[in-house]
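Engineer: This is final03.pdb (PDB, C-alpha atoms).
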```
ATOM      1  CA  ILE A 990       4.503  -1.939  12.485
ATOM      2  CA  VAL A 991       0.987  -3.287  12.741
ATOM      3  CA  LEU A 992      -2.016  -1.815  10.951
ATOM      4  CA  VAL A 993      -5.477  -3.172  11.622
ATOM      5  CA  ALA A 994      -7.855  -2.597   8.733
ATOM      6  CA  ILE A 995     -11.506  -3.485   8.328
ATOM      7  CA  ASN A 996     -13.272  -4.162   5.051
ATOM      8  CA  PRO A 997     -16.130  -1.623   4.957
ATOM      9  CA  TYR A 998     -17.722  -3.421   1.971
ATOM     10  CA  THR A 999     -18.135  -0.053   0.276
ATOM     11  CA  GLU A1000     -15.869   2.264  -1.712
ATOM     12  CA  LEU A1001     -14.296   4.985   0.439
ATOM     13  CA  PRO A1002     -12.735   8.224  -0.885
ATOM     14  CA  ILE A1003      -9.488   7.669   1.038
ATOM     15  CA  TYR A1004      -7.495   5.692  -1.541
ATOM     16  CA  GLY A1005      -7.054   8.139  -4.418
ATOM     17  CA  SER A1006      -3.908   9.773  -5.732
ATOM     18  CA  ASN A1007      -4.440  12.854  -3.538
ATOM     19  CA  THR A1008      -4.248  10.630  -0.466
ATOM     20  CA  ILE A1009      -1.161   8.882  -1.834
ATOM     21  CA  TRP A1010       0.644  12.204  -2.176
ATOM     22  CA  THR A1011      -0.544  13.258   1.292
ATOM     23  CA  TYR A1012       1.339  10.295   2.785
ATOM     24  CA  ARG A1013       4.425  10.635   0.559
ATOM     25  CA  GLY A1014       7.428  11.782   2.582
ATOM     26  CA  LYS A1015       5.629  11.626   5.924
ATOM     27  CA  ASN A1016       6.925   9.685   8.917
ATOM     28  CA  MET A1017       4.876   6.868  10.379
ATOM     29  CA  GLY A1018       2.510   8.423  12.904
ATOM     30  CA  ASP A1019       2.468  11.918  11.373
ATOM     31  CA  LEU A1020      -0.946  11.185   9.839
ATOM     32  CA  ASP A1021      -3.792   8.796  10.577
ATOM     33  CA  PRO A1022      -3.024   5.051  10.297
ATOM     34  CA  HIS A1023      -3.420   3.967   6.663
ATOM     35  CA  ILE A1024      -2.148   1.319   4.241
ATOM     36  CA  PHE A1025      -0.368   4.190   2.462
ATOM     37  CA  ALA A1026       1.544   5.000   5.678
ATOM     38  CA  VAL A1027       2.774   1.406   5.838
ATOM     39  CA  ALA A1028       3.685   1.472   2.138
ATOM     40  CA  GLU A1029       5.510   4.796   2.559
ATOM     41  CA  GLU A1030       7.543   3.391   5.450
ATOM     42  CA  ALA A1031       8.598   0.378   3.379
ATOM     43  CA  TYR A1032       9.326   2.486   0.287
ATOM     44  CA  THR A1033      11.410   4.998   2.248
ATOM     45  CA  LYS A1034      13.461   2.240   3.894
ATOM     46  CA  MET A1035      14.108   0.686   0.476
ATOM     47  CA  GLU A1036      15.266   4.035  -0.859
ATOM     48  CA  ARG A1037      17.302   5.167   2.154
ATOM     49  CA  GLU A1038      18.711   1.943   3.554
ATOM     50  CA  LYS A1039      18.757  -0.097   0.330
ATOM     51  CA  LYS A1040      17.191  -3.020   2.208
ATOM     52  CA  ASP A1041      14.458  -5.330   1.015
ATOM     53  CA  GLN A1042      11.115  -4.813   2.722
ATOM     54  CA  SER A1043       8.056  -7.011   3.250
ATOM     55  CA  ILE A1044       4.475  -6.150   4.023
ATOM     56  CA  ILE A1045       2.466  -9.058   5.374
ATOM     57  CA  VAL A1046      -1.272  -8.785   4.857
ATOM     58  CA  SER A1047      -3.269 -11.412   6.697
ATOM     59  CA  GLY A1048      -6.811 -11.978   7.826
ATOM     60  CA  GLU A1049      -9.985 -13.962   7.434
ATOM     61  CA  SER A1050     -11.720 -14.564   4.133
ATOM     62  CA  GLY A1051     -13.417 -11.367   3.027
ATOM     63  CA  ALA A1052     -11.324  -9.173   5.319
ATOM     64  CA  GLY A1053      -9.894  -7.136   2.437
ATOM     65  CA  LYS A1054      -6.412  -8.635   2.049
ATOM     66  CA  THR A1055      -6.427  -8.504  -1.746
ATOM     67  CA  VAL A1056      -7.680  -4.926  -1.804
ATOM     68  CA  SER A1057      -5.135  -3.838   0.816
ATOM     69  CA  ALA A1058      -2.309  -5.403  -1.220
ATOM     70  CA  LYS A1059      -3.635  -3.695  -4.351
ATOM     71  CA  TYR A1060      -3.644  -0.301  -2.596
ATOM     72  CA  ALA A1061      -0.050  -0.825  -1.416
ATOM     73  CA  MET A1062       1.033  -1.735  -4.961
ATOM     74  CA  ARG A1063      -0.816   1.306  -6.336
ATOM     75  CA  TYR A1064       1.133   3.436  -3.850
ATOM     76  CA  PHE A1065       4.454   2.001  -5.015
ATOM     77  CA  ALA A1066       3.516   2.423  -8.680
ATOM     78  CA  THR A1067       2.468   6.048  -8.145
ATOM     79  CA  VAL A1068       5.423   7.241  -6.071
ATOM     80  CA  GLY A1069       7.791   5.196  -8.213
ATOM     81  CA  GLY A1070       6.802   7.194 -11.273
ATOM     82  CA  SER A1071       4.278   4.967 -13.032
ATOM     83  CA  GLN A1072       0.726   6.297 -13.211
ATOM     84  CA  THR A1073      -0.612   3.075 -14.714
ATOM     85  CA  GLU A1074      -0.838  -0.414 -13.300
ATOM     86  CA  THR A1075       2.673  -1.881 -13.448
ATOM     87  CA  GLN A1076       3.694  -5.404 -14.378
ATOM     88  CA  VAL A1077       4.696  -6.004 -10.756
ATOM     89  CA  GLU A1078       1.258  -4.928  -9.548
ATOM     90  CA  LYS A1079      -0.415  -7.188 -12.114
ATOM     91  CA  LYS A1080       1.715 -10.151 -11.007
ATOM     92  CA  VAL A1081       0.941  -9.574  -7.333
ATOM     93  CA  LEU A1082      -2.781  -9.355  -8.010
ATOM     94  CA  ALA A1083      -2.656 -12.454 -10.214
ATOM     95  CA  SER A1084      -0.938 -14.409  -7.439
ATOM     96  CA  SER A1085      -3.606 -13.507  -4.905
ATOM     97  CA  PRO A1086      -5.680 -16.703  -5.312
ATOM     98  CA  ILE A1087      -2.534 -18.777  -4.771
ATOM     99  CA  MET A1088      -1.603 -16.864  -1.609
ATOM    100  CA  GLU A1089      -5.106 -17.175  -0.193
TER
END
```
Starting from the file, give its structure as structure tokens.
Structural biologist:
Amino acid sequence: IVLVAINPYTELPIYGSNTIWTYRGKNMGDLDPHIFAVAEEAYTKMEREKKDQSIIVSGESGAGKTVSAKYAMRYFATVGGSQTETQVEKKVLASSPIME
């Protein structure tokens, strides 16, 4: 699965909890391409197949890698039952400078 995303350098209303729940339970391709669709695919495969999943986020400096990773982690935290930022999400965001 490949998702091409562009950093719009402005806040868009497509990353809230309503959008998360719109993508929950949907198959890849049922809705518009979105980081939440990729996250849902990984989450569903973890649940159903009990297999580890990876999401690779790459791109140039300023492309939005950190924000995309944060949105994926927010998706996992929300559908996994935690409405607040989880320890896993905090650790991923803290490791961002190292990964870059």
Engineer: Just give me the gap between CA of Ser1057 in chain A and CA of Ile1045 in chain A in Å, one decimal is fine.
Structural biologist: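 Distance between the two atoms: 10.3 Å.
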Engineer: Excluding Ser1043 in chain A and residues on its chain fewer than 3 positions from it, collect all residues at most 12 Å away from it, counting all atoms listed in the file, and give them as a PDB file with C-alpha atoms, in the coordinates of the input.
Structural biologist:
```pdb
ATOM      1  CA  ILE A 990       4.503  -1.939  12.485  1.00  0.00           C
ATOM      2  CA  VAL A1027       2.774   1.406   5.838  1.00  0.00           C
ATOM      3  CA  ALA A1028       3.685   1.472   2.138  1.00  0.00           C
ATOM      4  CA  GLU A1030       7.543   3.391   5.450  1.00  0.00           C
ATOM      5  CA  ALA A1031       8.598   0.378   3.379  1.00  0.00           C
ATOM      6  CA  TYR A1032       9.326   2.486   0.287  1.00  0.00           C
ATOM      7  CA  LYS A1034      13.461   2.240   3.894  1.00  0.00           C
ATOM      8  CA  MET A1035      14.108   0.686   0.476  1.00  0.00           C
ATOM      9  CA  LYS A1040      17.191  -3.020   2.208  1.00  0.00           C
ATOM     10  CA  VAL A1046      -1.272  -8.785   4.857  1.00  0.00           C
ATOM     11  CA  ALA A1058      -2.309  -5.403  -1.220  1.00  0.00           C
ATOM     12  CA  ALA A1061      -0.050  -0.825  -1.416  1.00  0.00           C
TER      13      ALA A1061
END
```
Engineer: For Glu1049 in chain A, find every residue with an atom within 12 Å (counting all atoms listed in the file), except residues of its own chain fewer than 5 positions away, and show them as a PyMOL selection string.
Structural biologist: chain A and resi 994-996+1054-1055+1089
Engineer: Counting all atoms listed in the file, which residues have an atom no more than 12 Å from (-5.6, 6.5, -3.9) in the file's coordinates? Please list them as a VMD selection string.
Structural biologist: chain A and resid 1000 to 1013 1023 to 1025 1056 to 1057 1059 to 1068 1072
Engineer: Provide the CA of Thr1033 in chain A to CA of Gly1070 in chain A distance in Å, to one decimal place.
Structural biologist: 14.5 Å
Engineer: So the first atom is CA of Asp1041 in chain A and the second is CA of Gly1018 in chain A; what is the distance between them in Å, to one decimal place?
Structural biologist: 21.8 Å
Engineer: Pick out the closest residue to Ala1026 in chain A from this set: A:Ile1044, A:Ala1052, A:Thr999, A:Lys1039. Count only C-alpha atoms.
Structural biologist: A:Ile1044
Engineer: Find the residue from A:Glu1029, A:Ser1047, A:Tyr998, A:Glu1036 that sits nearest to Lys1015 in chain A; use all atoms listed in the file when measuring.
Structural biologist: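 Looking only at the distances to Lys1015 in chain A, the closest residue turns out to be A:Glu1029.
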